[in-house]
file work.pdb (PDB, C-alpha atoms)
ATOM      1  CA  MET A  17     -10.659  26.757 110.582
ATOM      2  CA  GLU A  18      -7.905  29.084 111.789
ATOM      3  CA  SER A  19      -5.277  28.101 114.343
ATOM      4  CA  LYS A  20      -6.776  30.514 116.908
ATOM      5  CA  LYS A  21     -10.190  28.874 116.498
ATOM      6  CA  PHE A  22      -8.590  25.467 117.055
ATOM      7  CA  GLU A  23      -7.149  26.760 120.329
ATOM      8  CA  GLU A  24     -10.628  27.924 121.386
ATOM      9  CA  LEU A  25     -12.073  24.562 120.306
ATOM     10  CA  HIS A  26      -9.424  22.763 122.353
ATOM     11  CA  ALA A  27     -10.424  24.789 125.416
ATOM     12  CA  LEU A  28     -14.048  23.712 124.938
ATOM     13  CA  LEU A  29     -13.146  20.044 124.463
ATOM     14  CA  VAL A  30     -11.091  19.879 127.656
ATOM     15  CA  SER A  31     -13.616  21.823 129.716
ATOM     16  CA  ASN A  32     -15.300  20.309 132.774
ATOM     17  CA  ASP A  33     -18.491  22.229 131.979
ATOM     18  CA  ASP A  34     -20.970  19.999 130.106
ATOM     19  CA  ASN A  35     -22.405  22.929 128.134
ATOM     20  CA  GLN A  36     -18.970  23.982 126.892
ATOM     21  CA  LEU A  37     -18.061  20.380 126.156
ATOM     22  CA  ASN A  38     -21.231  19.838 124.112
ATOM     23  CA  ARG A  39     -20.619  23.110 122.267
ATOM     24  CA  GLY A  40     -17.073  21.911 121.511
ATOM     25  CA  TYR A  41     -18.406  18.630 120.093
ATOM     26  CA  GLN A  42     -20.866  20.508 117.913
ATOM     27  CA  ILE A  43     -18.215  22.909 116.571
ATOM     28  CA  LEU A  44     -15.800  20.045 115.958
ATOM     29  CA  PHE A  45     -18.318  18.079 113.889
ATOM     30  CA  GLU A  46     -19.622  21.107 111.983
ATOM     31  CA  SER A  47     -16.219  22.532 111.118
ATOM     32  CA  LEU A  48     -14.121  19.426 110.453
ATOM     33  CA  ARG A  49     -16.349  16.570 109.293
ATOM     34  CA  ASN A  50     -16.687  17.635 105.642
ATOM     35  CA  LYS A  51     -13.035  18.735 105.454
ATOM     36  CA  MET A  52     -11.927  15.326 106.721
ATOM     37  CA  ILE A  53     -14.125  13.499 104.236
ATOM     38  CA  GLY A  54     -12.671  15.562 101.395
ATOM     39  CA  HIS A  55      -9.171  14.982 102.737
ATOM     40  CA  TYR A  56      -9.659  11.197 102.767
ATOM     41  CA  ILE A  57     -11.110  11.171  99.269
ATOM     42  CA  LYS A  58      -8.483  13.442  97.747
ATOM     43  CA  LYS A  59      -5.326  12.385  99.574
ATOM     44  CA  PHE A  60      -5.982   8.685 100.188
ATOM     45  CA  LYS A  61      -8.301   8.030  97.218
ATOM     46  CA  LEU A  62     -10.960   6.473  99.441
ATOM     47  CA  ASN A  63     -14.579   6.121  98.423
ATOM     48  CA  GLU A  64     -17.233   8.349  99.977
ATOM     49  CA  GLU A  65     -18.544   5.728 102.404
ATOM     50  CA  SER A  66     -15.101   4.810 103.767
ATOM     51  CA  ALA A  67     -14.181   8.496 104.022
ATOM     52  CA  GLN A  68     -17.337   9.223 106.051
ATOM     53  CA  ASP A  69     -16.664   6.298 108.390
ATOM     54  CA  LEU A  70     -13.048   7.358 108.953
ATOM     55  CA  ALA A  71     -14.029  10.984 109.505
ATOM     56  CA  HIS A  72     -16.502   9.870 112.154
ATOM     57  CA  GLU A  73     -13.875   7.670 113.854
ATOM     58  CA  SER A  74     -11.328  10.504 113.730
ATOM     59  CA  LEU A  75     -13.734  12.997 115.275
ATOM     60  CA  ILE A  76     -14.561  10.600 118.094
ATOM     61  CA  THR A  77     -10.854  10.013 118.769
ATOM     62  CA  ILE A  78     -10.234  13.763 118.787
ATOM     63  CA  MET A  79     -13.084  14.285 121.254
ATOM     64  CA  GLU A  80     -11.924  11.486 123.531
ATOM     65  CA  LYS A  81      -8.236  12.379 123.520
ATOM     66  CA  ALA A  82      -8.197  16.183 123.217
ATOM     67  CA  HIS A  83      -7.116  16.353 126.857
ATOM     68  CA  THR A  84      -3.812  14.642 125.942
ATOM     69  CA  VAL A  85      -2.737  17.701 123.945
ATOM     70  CA  LYS A  86      -1.049  19.917 126.510
ATOM     71  CA  GLU A  87      -0.193  22.833 124.195
ATOM     72  CA  PRO A  88      -3.332  24.375 122.619
ATOM     73  CA  LYS A  89      -1.296  25.714 119.676
ATOM     74  CA  ALA A  90      -0.370  22.119 118.781
ATOM     75  CA  PHE A  91      -4.020  21.021 118.690
ATOM     76  CA  VAL A  92      -4.577  21.827 115.003
ATOM     77  CA  GLY A  93      -1.589  19.740 113.894
ATOM     78  CA  TRP A  94      -2.521  16.943 116.245
ATOM     79  CA  CYS A  95      -6.048  16.791 114.755
ATOM     80  CA  TRP A  96      -4.657  16.260 111.258
ATOM     81  CA  ILE A  97      -2.138  13.690 112.486
ATOM     82  CA  VAL A  98      -5.032  11.731 114.020
ATOM     83  CA  THR A  99      -6.885  12.068 110.717
ATOM     84  CA  ASP A 100      -3.966  10.750 108.652
ATOM     85  CA  ARG A 101      -3.209   7.921 111.068
ATOM     86  CA  LYS A 102      -6.801   6.716 110.875
ATOM     87  CA  ALA A 103      -6.437   6.468 107.096
ATOM     88  CA  LEU A 104      -3.100   4.682 107.339
ATOM     89  CA  ASP A 105      -4.517   2.201 109.857
ATOM     90  CA  TYR A 106      -7.471   1.599 107.556
ATOM     91  CA  LEU A 107      -5.198   1.044 104.544
ATOM     92  CA  ARG A 108      -2.996  -1.346 106.540
ATOM     93  CA  LYS A 109      -6.069  -3.293 107.612
ATOM     94  CA  MET A 110      -7.392  -3.450 104.057
ATOM     95  CA  ASN A 111      -4.014  -4.610 102.797
ATOM     96  CA  ARG A 112      -3.881  -7.361 105.464
ATOM     97  CA  GLU A 113      -7.383  -8.520 104.530
ATOM     98  CA  LYS A 114      -6.401  -8.701 100.853
ATOM     99  CA  ILE A 115      -3.360 -10.784 101.740
ATOM    100  CA  GLU A 116      -5.404 -13.126 103.936
ATOM    101  CA  PHE A 117      -7.901 -13.815 101.145
ATOM    102  CA  ASN A 118      -5.345 -14.366  98.376
ATOM    103  CA  THR A 119      -5.725 -17.568  96.374
ATOM    104  CA  ASP A 120      -3.177 -19.225  94.130
ATOM    105  CA  LYS A 121      -5.135 -18.034  91.090
ATOM    106  CA  PHE A 122      -5.100 -14.446  92.365
ATOM    107  CA  ASP A 123      -1.338 -14.612  93.016
ATOM    108  CA  ILE A 124      -0.787 -15.807  89.437
ATOM    109  CA  GLU A 125      -2.893 -12.910  88.095
ATOM    110  CA  ILE A 126      -0.830 -10.401  90.114
ATOM    111  CA  LYS A 127       2.428 -11.883  88.814
ATOM    112  CA  GLN A 128       1.107 -11.654  85.258
ATOM    113  CA  GLN A 129       0.138  -8.009  85.800
ATOM    114  CA  LYS A 130       3.677  -7.179  86.914
ATOM    115  CA  ASN A 131       5.031  -8.595  83.663
ATOM    116  CA  ILE A 132       3.134  -6.135  81.468
ATOM    117  CA  ASN A 133       3.834  -6.249  77.777
ATOM    118  CA  VAL A 134       5.202  -2.754  77.156
ATOM    119  CA  ASP A 135       4.795  -2.868  73.366
ATOM    120  CA  ASN A 136       1.211  -1.551  73.285
ATOM    121  CA  ILE A 137       1.166   0.972  76.093
ATOM    122  CA  ASP A 138       2.541   4.502  76.318
ATOM    123  CA  GLN A 139       4.950   5.611  79.040
ATOM    124  CA  ARG A 140       2.509   7.745  81.022
ATOM    125  CA  VAL A 141      -0.064   4.964  81.305
ATOM    126  CA  CYS A 142       2.687   2.492  82.181
ATOM    127  CA  ILE A 143       3.892   4.727  85.027
ATOM    128  CA  GLN A 144       0.331   5.317  86.222
ATOM    129  CA  LYS A 145      -0.487   1.600  86.325
ATOM    130  CA  GLY A 146       2.807   0.785  88.022
ATOM    131  CA  THR A 147       2.221   3.482  90.616
ATOM    132  CA  GLU A 148      -1.289   2.176  91.289
ATOM    133  CA  ARG A 149       0.075  -1.342  91.877
ATOM    134  CA  PHE A 150       2.788   0.079  94.150
ATOM    135  CA  LYS A 151       0.159   2.006  96.145
ATOM    136  CA  GLU A 152      -1.993  -1.098  96.462
ATOM    137  CA  GLU A 153       0.836  -3.301  97.694
ATOM    138  CA  TYR A 154       2.672  -0.674  99.771
ATOM    139  CA  PRO A 155       0.196   2.006 100.924
ATOM    140  CA  ILE A 156       2.482   3.357 103.668
ATOM    141  CA  ARG A 157       5.473   3.607 101.344
ATOM    142  CA  HIS A 158       3.323   5.313  98.713
ATOM    143  CA  TYR A 159       2.050   7.760 101.322
ATOM    144  CA  ALA A 160       5.615   8.539 102.465
ATOM    145  CA  LEU A 161       6.746   9.237  98.886
ATOM    146  CA  GLU A 162       3.669  11.387  98.304
ATOM    147  CA  LEU A 163       4.439  13.456 101.419
ATOM    148  CA  PHE A 164       8.074  13.837 100.344
ATOM    149  CA  ALA A 165       6.983  14.975  96.873
ATOM    150  CA  GLN A 166       4.687  17.548  98.488
ATOM    151  CA  GLY A 167       7.674  19.073 100.301
ATOM    152  CA  TYR A 168       7.228  17.660 103.797
ATOM    153  CA  THR A 169      10.483  17.413 105.759
ATOM    154  CA  HIS A 170      11.848  14.090 106.987
ATOM    155  CA  ALA A 171      10.924  15.128 110.547
ATOM    156  CA  GLU A 172       7.306  15.847 109.565
ATOM    157  CA  ILE A 173       7.026  12.592 107.635
ATOM    158  CA  ALA A 174       8.504  10.699 110.614
ATOM    159  CA  GLN A 175       5.606  11.888 112.782
ATOM    160  CA  LEU A 176       2.977  11.009 110.178
ATOM    161  CA  ILE A 177       4.207   7.475 109.495
ATOM    162  CA  ASP A 178       5.420   6.590 112.987
ATOM    163  CA  LYS A 179       9.156   6.473 112.286
ATOM    164  CA  PRO A 180      11.397   7.116 115.308
ATOM    165  CA  THR A 181      13.742   9.675 113.722
ATOM    166  CA  PRO A 182      14.145  11.844 110.620
ATOM    167  CA  GLY A 183      17.204   9.716 109.738
ATOM    168  CA  ALA A 184      15.114   6.540 109.784
ATOM    169  CA  THR A 185      12.554   8.306 107.614
ATOM    170  CA  LYS A 186      15.230   9.364 105.118
ATOM    171  CA  GLU A 187      16.378   5.730 104.821
ATOM    172  CA  PHE A 188      12.752   4.560 104.537
ATOM    173  CA  ILE A 189      12.101   6.988 101.665
ATOM    174  CA  SER A 190      15.281   5.807  99.942
ATOM    175  CA  GLN A 191      14.012   2.217 100.183
ATOM    176  CA  CYS A 192      10.596   3.333  98.903
ATOM    177  CA  ARG A 193      12.221   4.804  95.797
ATOM    178  CA  LYS A 194      14.012   1.533  95.087
ATOM    179  CA  ILE A 195      10.812  -0.454  95.507
ATOM    180  CA  ILE A 196       8.692   1.809  93.307
ATOM    181  CA  ASP A 197      11.385   1.549  90.638
ATOM    182  CA  THR A 198      10.634  -2.183  90.420
ATOM    183  CA  PHE A 199       7.069  -1.213  89.484
ATOM    184  CA  ILE A 200       7.808   1.575  87.003
ATOM    185  CA  GLY A 201      11.469   1.149  85.969
ATOM    186  CA  HIS A 202      10.537  -0.775  82.813
ATOM    187  CA  CYS A 203       8.455   2.225  81.692
ATOM    188  CA  LYS A 204      11.672   4.095  80.831
ATOM    189  CA  GLU A 205      12.050   1.798  77.819
ATOM    190  CA  ILE A 206       8.830   3.163  76.306
ATOM    191  CA  LYS A 207       9.209   6.101  73.952
TER     192      LYS A 207
END
call {"tool": "encode", "arguments": {"input": "work.pdb", "output": "structure tokens"}}
result
Amino acid sequence: MESKKFEELHALLVSNDDNQLNRGYQILFESLRNKMIGHYIKKFKLNEESAQDLAHESLITIMEKAHTVKEPKAFVGWCWIVTDRKALDYLRKMNREKIEFNTDKFDIEIKQQKNINVDNIDQRVCIQKGTERFKEEYPIRHYALELFAQGYTHAEIAQLIDKPTPGATKEFISQCRKIIDTFIGHCKEIK
């Protein structure tokens, strides 16, 4: 959907006319639902069911809060920020639930996984497994590093991960790099 069409959609969603409002809801669902689902699956590696649920929640939030966007040109960016924040909230919640249900046995298994025997595994697989563990334990940090790798600026990342300033985001990314190194640093020893 083009930026101009988003501006027109915004006008429909903030309209006082019920017919225009209903038309706006219909256009919103038809044009964004499948894109959001694909976005959640590709970017956040969510399963189809979770992606559908989050897309539905995002669309409802967009419908309910479209009036808070004062500049129609900013509506397109705002829609995708809502979309990403829904995923981040979901990942935070899932991470909290995992922590709450940890048992001593599970903690021991995690510690054993971190001490991988590097003799029988090649470097690429080692890095992949380390990155997966990092993403599981630190979904927000993983997301920030992924955005940085994709070329987002510190200011853009700050908005997406709720950091107050680009400087705070730069420091956060620096810390993320140090933390991920604890997960994949040993992979450098593999030839």
call {"tool": "atom_distance", "arguments": {"input": "work.pdb", "atom1": "atom CA of Tyr56 of chain A", "atom2": "atom CA of His170 of chain A"}}
result
22.1 Å
call {"tool": "atom_distance", "arguments": {"input": "work.pdb", "atom1": "atom CA of Ala90 of chain A", "atom2": "atom CA of Phe45 of chain A"}}
result
19.0 Å
call {"tool": "resolve_selection", "arguments": {"input": "work.pdb", "expression": "the PyMOL selection byres ((chain A and resi 155-167) around 7)", "output": "compact mmCIF listing (two decimals) with C-alpha atoms, keeping the file's coordinate frame"}}
result
# COMPACT_ATOMS: atom_id res chain seq x y z
CA LEU A 104 -3.10 4.68 107.34
CA LEU A 107 -5.20 1.04 104.54
CA PHE A 150 2.79 0.08 94.15
CA LYS A 151 0.16 2.01 96.14
CA GLU A 152 -1.99 -1.10 96.46
CA GLU A 153 0.84 -3.30 97.69
CA TYR A 154 2.67 -0.67 99.77
CA TYR A 168 7.23 17.66 103.80
CA THR A 169 10.48 17.41 105.76
CA ILE A 173 7.03 12.59 107.64
CA ILE A 189 12.10 6.99 101.66
CA CYS A 192 10.60 3.33 98.90
call {"tool": "residues_around", "arguments": {"input": "work.pdb", "residues": "Arg140 of chain A", "least_positions_apart": "6", "cutoff": "10 Å", "atoms": "all atoms listed in the file", "output": "list in words"}}
result
Gly146, Cys203, Lys204, Ile206 and Lys207 of chain A
call {"tool": "closest_residue", "arguments": {"input": "work.pdb", "among": "A:Arg149, A:Thr185, A:Glu172, A:Gln139", "to": "His202 of chain A", "atoms": "all atoms listed in the file"}}
result
A:Gln139
call {"tool": "build_atoms", "arguments": {"input": "work.pdb", "residues": "segment 19-37 of chain A", "atoms": "N, CA and C atoms", "output": "compact mmCIF listing (two decimals), in the coordinates of the input"}}
result
# COMPACT_ATOMS: atom_id res chain seq x y z
N SER A 19 -5.99 28.66 113.19
CA SER A 19 -5.28 28.10 114.34
C SER A 19 -5.86 28.62 115.66
N LYS A 20 -6.20 29.91 115.70
CA LYS A 20 -6.78 30.51 116.91
C LYS A 20 -8.10 29.84 117.27
N LYS A 21 -8.91 29.53 116.25
CA LYS A 21 -10.19 28.87 116.50
C LYS A 21 -9.98 27.45 117.02
N PHE A 22 -8.91 26.80 116.54
CA PHE A 22 -8.59 25.47 117.06
C PHE A 22 -8.22 25.54 118.53
N GLU A 23 -7.51 26.59 118.92
CA GLU A 23 -7.15 26.76 120.33
C GLU A 23 -8.41 26.94 121.18
N GLU A 24 -9.36 27.73 120.67
CA GLU A 24 -10.63 27.92 121.39
C GLU A 24 -11.41 26.61 121.45
N LEU A 25 -11.39 25.85 120.34
CA LEU A 25 -12.07 24.56 120.31
C LEU A 25 -11.44 23.61 121.32
N HIS A 26 -10.13 23.61 121.39
CA HIS A 26 -9.42 22.76 122.35
C HIS A 26 -9.88 23.09 123.78
N ALA A 27 -9.99 24.38 124.07
CA ALA A 27 -10.42 24.79 125.42
C ALA A 27 -11.82 24.25 125.72
N LEU A 28 -12.70 24.24 124.73
CA LEU A 28 -14.05 23.71 124.94
C LEU A 28 -14.02 22.20 125.16
N LEU A 29 -13.19 21.50 124.39
CA LEU A 29 -13.15 20.04 124.46
C LEU A 29 -12.50 19.51 125.74
N VAL A 30 -11.71 20.32 126.40
CA VAL A 30 -11.09 19.88 127.66
C VAL A 30 -11.79 20.48 128.87
N SER A 31 -12.88 21.17 128.64
CA SER A 31 -13.62 21.82 129.72
C SER A 31 -14.33 20.79 130.60
N ASN A 32 -14.52 21.15 131.85
CA ASN A 32 -15.30 20.31 132.77
C ASN A 32 -16.78 20.67 132.76
N ASP A 33 -17.11 21.76 132.09
CA ASP A 33 -18.49 22.23 131.98
C ASP A 33 -19.17 21.49 130.82
N ASP A 34 -20.27 20.79 131.12
CA ASP A 34 -20.97 20.00 130.11
C ASP A 34 -21.47 20.85 128.94
N ASN A 35 -21.92 22.06 129.21
CA ASN A 35 -22.40 22.93 128.13
C ASN A 35 -21.27 23.30 127.19
N GLN A 36 -20.12 23.65 127.74
CA GLN A 36 -18.97 23.98 126.89
C GLN A 36 -18.49 22.74 126.13
N LEU A 37 -18.48 21.62 126.79
CA LEU A 37 -18.06 20.38 126.16
C LEU A 37 -18.98 20.02 124.98
